[in-house]
Structure formats: structure tokens, C-alpha cells
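Notes follow once the structure below has been shown.
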Amino acid sequence: MRGMKMTTENQTFTEKFDLLGCIQCGRCTGGCPVTVRTNLNVRRFVYDAYNEDLLEELSRVADIWDCTACHTCAVRCPKGLKPLEVLIGLRSLVVESGKTEPTVRDALESTFMEGNPWNKPRATRNDWMEGLDVIVAEPEQKVENLFFVCCTIAYDPRVQVTARNIVNLLNKAGVDYAFLGTDETCCGSEIFTLGEDGLFEMLIEDNTEMLNEYQADRIVALSPHCFTTFNTHYPDLNKPVIHYTQLLAELLEQKKLAFKDGLEKKIVYHDPCYLGKQSGVFEEPRSVLKAIEGVELVEFGRNRERSLCCEGGGGKMWVESESKIERLAETRVKDARALEADIIAAACPFCVLTLDDAVKAEGFEEEMRVAEIMEILGELEVMQEKPSSAQEVED
């Protein structure tokens, strides 16, 4: 590090984050969801970071770790800036100094050594496949949909159901698919927001080379974090990336997917920040839920672009806030309870984990539950694909 004047090639900190483009209107801080429970003032950080002699001091302020990278500040900025990336830049200075929290250090080391931030062995990444008829891709094999699972879904038992259920659905619907298997490694989403620039760049390079070798029409990401990271930070990928809810919505529209039974439940859908406000995917998850007979789909007051962050992103799974004020996820489940929803549906593993904890913290387990969309679909019977005439003759 050259003092604390961080540069990228010949860029200063001010140039890298276009700090001179900021007009100090305060819309970033005004819209930041975590300001209701922390002292984070992103506008002030942007202002103070003009003075690069203050960067070391700013990087030591605990508030920089309260940001969840939800991108509300970027959505609201009239100049098209991304104020949150100033905070990520300050985190990078901490990482470079080697003075990170042990939990952050361990997540970064685990990603470097094992390809995931959860301190899990690389060799067990496919354990979720046990007992399933899963098609695993080979680089030379042509396939329409190449699935990227996500570290959290692969390793956390609570959300492994997302991957397991979609395999069953794909098989029954006759979808042309394959999973990466042991070739899959971390996309780097949380590594980027934790501030480890070098490791993130390495992951981009390695993953791009690996993914480009596969003869697939497109990549289907199970997590919005992987989906958004690929579309935002991987410029050299040679194939498009979609989220699995977009694939399901496509199959439903083409009449290639249908459900035999229904579900008499009131469901409220929670828009994940990475899928919604960052990537603009709002309709597809809702269309999937609406395709379930008997479901009454209701909306939060704060939905779509205004959806309330659950505080699961931005590396927050590894950095605990010092605030003891009610968590945003707890506010969210209270809102769902007021709507008398039976299920809070989400399409993101981080949202499921944080909202699940909030339901338990509020004592609402008897009144409602949190479920990933694929968790809900797994409770339904999928219509079997009808074989074509040519297939019947072959059989």
C-alpha cells in the first residue's frame, strides 16, 4: 500500500470512486435502510474521503462495516454514483493492513483455500446431491442450462433444499440442464463487499476461464448474489447469466411447466436487494408464485425498488453490527405478520437465513414461516413432461 492513498493503476481514491461527482445532496443517507439502527452516514464518508490524508482514519471507523451493499444509495443518487463502493474501498484498506476481524479473515482465507467463505472442505461441495439423479456437466457436453449453485446453498443445510428441489423439478419437466459439480467455486460476491480486491480479481479470472470452457447456452444462478456478480463484474463471460426464477417463469409461459395441485396460503414476497433493486428482476418470482393455484399473493408496503433490506448482504454474515436496535429483518417479519401472511417467500439464501432468524426472534413460528420459492414448489406435484412422438417410437 502506498501510504493510505489507495490507487488503482494511476487512479487516486477520489478518481476511482468519482468523489468529485458527488453534489452532497444527501439522498444516499436519506434512503439508507440501516440508518434507523446505526450511525452510518454514507454522504459524510463520501465528503470526508475527498481528503485522502483522512483515509486511514476513516477506514478505522466501525460504521463502514454496517453497509449491507443493498444499493439503495446507488438507486437514489441523481448523479449515477455508487456511494456504497466508497465504503467498500475503505474496507479494502483495512484488509490490506491485515487488521480485519477474525471472522472476516477466516472467510477470506477459506475462500482462497477451499473456494467458499464458510470454512467447508472443497471436497464436500456436492454433498447436497446425495440421493438425487443429478446431471453433472462436462466441458465438451452441449447443454442449454448450466447451473451455478452458490456456496451458501451448497453448504448450508437450511437452504440446500433450493438446489435439491430444483433438480427434481428439472427432471420431471424434462429441462435440458447440467450442474457444474466440483468445478464450481465462489463467485466472489461477498469477497468483493468485504474489500479483498486481489482475491476477487483472481476469482473473476479463474471462474471466467472455467465457465467459458463449457458448451452451454446460458448459466442459471440459484442465488441473486452470484447472478448479479456475474452480470456486473464478469465482462468476459461468453454466455448470458439468468436467475432461476427467470427460467421457471419462461417454462411456465411456454407451457413446459405446470403443477398438478395447489396451495391455499397467503404469501407475501420479499424482493431481495440483489435480485430486485440491483438487477431489476421483479415480475418473474411473482409470476411463479401466482402460477400456484390457491395462493393469495400480497405485497409489502415497501416492495420492488423500495424493498426493505434484510441485512444479509455486504459481508454482514461475517461482521456483526454493534447496534442493539431492532434488526431490519425483524421489522420485515412484523410487517408480514400485520399482513396476516402464512409464508414469507424469498428467492435468495441470505434473505431466507436472516428472515428465518427474525421469525424465531419474534416468536412467530406458529403464525408464519419463511420459505425459498423452490422450497414452496417442492411441496407441489410437477406435471410430468409428455414424450414426443419420436421419443415414443424410440422407446
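Here's how to read the names in the C-alpha cells: chain A, B, ... by the order shown, residue numbers from 1 in each chain, ligand numbers from 1 in the order shown.
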
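By only C-alpha atoms, and with residues fewer than 3 positions from Glu367 of chain A along its chain excluded, the set lying at most 10 Å from it is A:Arg337, A:Glu340, A:Ala341, A:Asp342, A:Ile343, A:Val359, A:Gly363, A:Phe364.
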
Find the spatial neighbours of Ala361 of chain A, counting only C-alpha atoms, within a cut-off of 12 Å - ignore same-chain residues fewer than 6 positions away - and output them as a PyMOL selection string.
chain A and resi 326-327+329-331+333-334+354-355

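We find atom CA of Ala345 of chain A and atom CA of Arg302 of chain A to be spaced 14.7 Å apart.
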
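In this comparison, which uses only C-alpha atoms, the residue of A:Thr72, A:Gln278, A:Thr35, A:Ser287 approaching Leu84 of chain A most closely is A:Thr72.
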
Which of segment 191-385 of chain A counts as strand (DSSP E) under DSSP, as a PyMOL selection string please?
chain A and resi 216-221+241-243+266-269+296-298+343-346+369-372

List the spatial neighbours of segment 160-162 of chain A as a ChimeraX atom specification - criterion: any atom at most 8 Å away, only C-alpha atoms, same-chain residues fewer than 2 positions off excluded.
/A:128,153-158,164-166,222,372-375

With C-alpha atoms retained, write the just-selected residues as an mmCIF file, in the first residue's frame.
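See result_33.cif below for the written result:
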```cif
data_model
loop_
_atom_site.group_PDB
_atom_site.id
_atom_site.type_symbol
_atom_site.label_atom_id
_atom_site.label_comp_id
_atom_site.auth_asym_id
_atom_site.auth_seq_id
_atom_site.Cartn_x
_atom_site.Cartn_y
_atom_site.Cartn_z
ATOM 1 C CA TRP A 128 -26.190 -31.832 -1.311
ATOM 2 C CA ILE A 153 -26.874 -23.084 -0.925
ATOM 3 C CA ALA A 154 -24.287 -25.824 -1.420
ATOM 4 C CA TYR A 155 -23.165 -25.949 2.212
ATOM 5 C CA ASP A 156 -25.937 -24.618 4.481
ATOM 6 C CA PRO A 157 -28.475 -27.369 5.305
ATOM 7 C CA ARG A 158 -31.261 -24.797 5.699
ATOM 8 C CA ARG A 164 -32.382 -30.311 -4.273
ATOM 9 C CA ASN A 165 -35.904 -29.271 -5.211
ATOM 10 C CA ILE A 166 -34.915 -27.638 -8.475
ATOM 11 C CA LEU A 222 -29.595 -20.121 -7.942
ATOM 12 C CA GLU A 372 -37.411 -20.080 -0.516
ATOM 13 C CA ILE A 373 -39.577 -20.210 -3.654
ATOM 14 C CA MET A 374 -38.125 -23.599 -4.575
ATOM 15 C CA GLU A 375 -38.975 -24.802 -1.076
#
```

Option closest in space to Gly280 of chain A, from A:Pro224, A:Pro121, A:Gly98, A:Gly312 [counting only C-alpha atoms]:
A:Pro224

Could you name the residues that touch Ala216 of chain A at 10 Å or less, counting only C-alpha atoms, but leaving out those on the same chain fewer than 6 positions away, as a ChimeraX atom specification?
/A:137,139-147,177-178,238-240

Can you tell me, as a PDB file with C-alpha atoms, in the first residue's frame, what residues are no more than 8 Å from Ala258 of chain A when counting only C-alpha atoms, ignoring any on the same chain fewer than 2 positions away?
```pdb
ATOM      1  CA  LEU A 252     -44.453 -21.556 -17.277  1.00  0.00           C
ATOM      2  CA  LYS A 255     -46.422 -24.285 -21.026  1.00  0.00           C
ATOM      3  CA  LYS A 256     -43.444 -26.541 -20.328  1.00  0.00           C
ATOM      4  CA  LYS A 260     -50.961 -30.686 -10.507  1.00  0.00           C
ATOM      5  CA  ALA A 291     -48.933 -19.924 -11.032  1.00  0.00           C
ATOM      6  CA  VAL A 382     -44.971 -31.177 -11.074  1.00  0.00           C
ATOM      7  CA  MET A 383     -46.666 -32.284 -14.266  1.00  0.00           C
TER       8      MET A 383
END
```

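Closest to Glu293 of chain A among A:Val352, A:Leu275, A:Met368, A:Leu380 is A:Leu380, based on only C-alpha atoms.
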
Quick one: everything within 10 Å of Tyr47 of chain A, counting only C-alpha atoms, minus sequence neighbours fewer than 6 positions away in the same chain. Send it as a ChimeraX atom specification.
/A:19-20,22-24

What does the file look like for those residues with N, CA and C atoms, as a tab-separated table (two decimals), in the first residue's frame?
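Produced file part_1.tsv, reproduced below:
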```
chain	number	residue	atom	x	y	z
A	19	LEU	N	-15.44	10.85	-6.61
A	19	LEU	CA	-15.94	11.62	-5.48
A	19	LEU	C	-16.28	13.06	-5.86
A	20	LEU	N	-15.60	13.58	-6.86
A	20	LEU	CA	-15.88	14.96	-7.28
A	20	LEU	C	-17.23	15.07	-8.00
A	22	CYS	N	-19.93	13.90	-6.73
A	22	CYS	CA	-20.95	13.96	-5.68
A	22	CYS	C	-21.35	15.40	-5.42
A	23	ILE	N	-22.64	15.68	-5.34
A	23	ILE	CA	-23.14	17.04	-5.08
A	23	ILE	C	-23.61	17.19	-3.64
A	24	GLN	N	-23.36	16.17	-2.80
A	24	GLN	CA	-23.69	16.23	-1.38
A	24	GLN	C	-25.17	16.55	-1.14
```
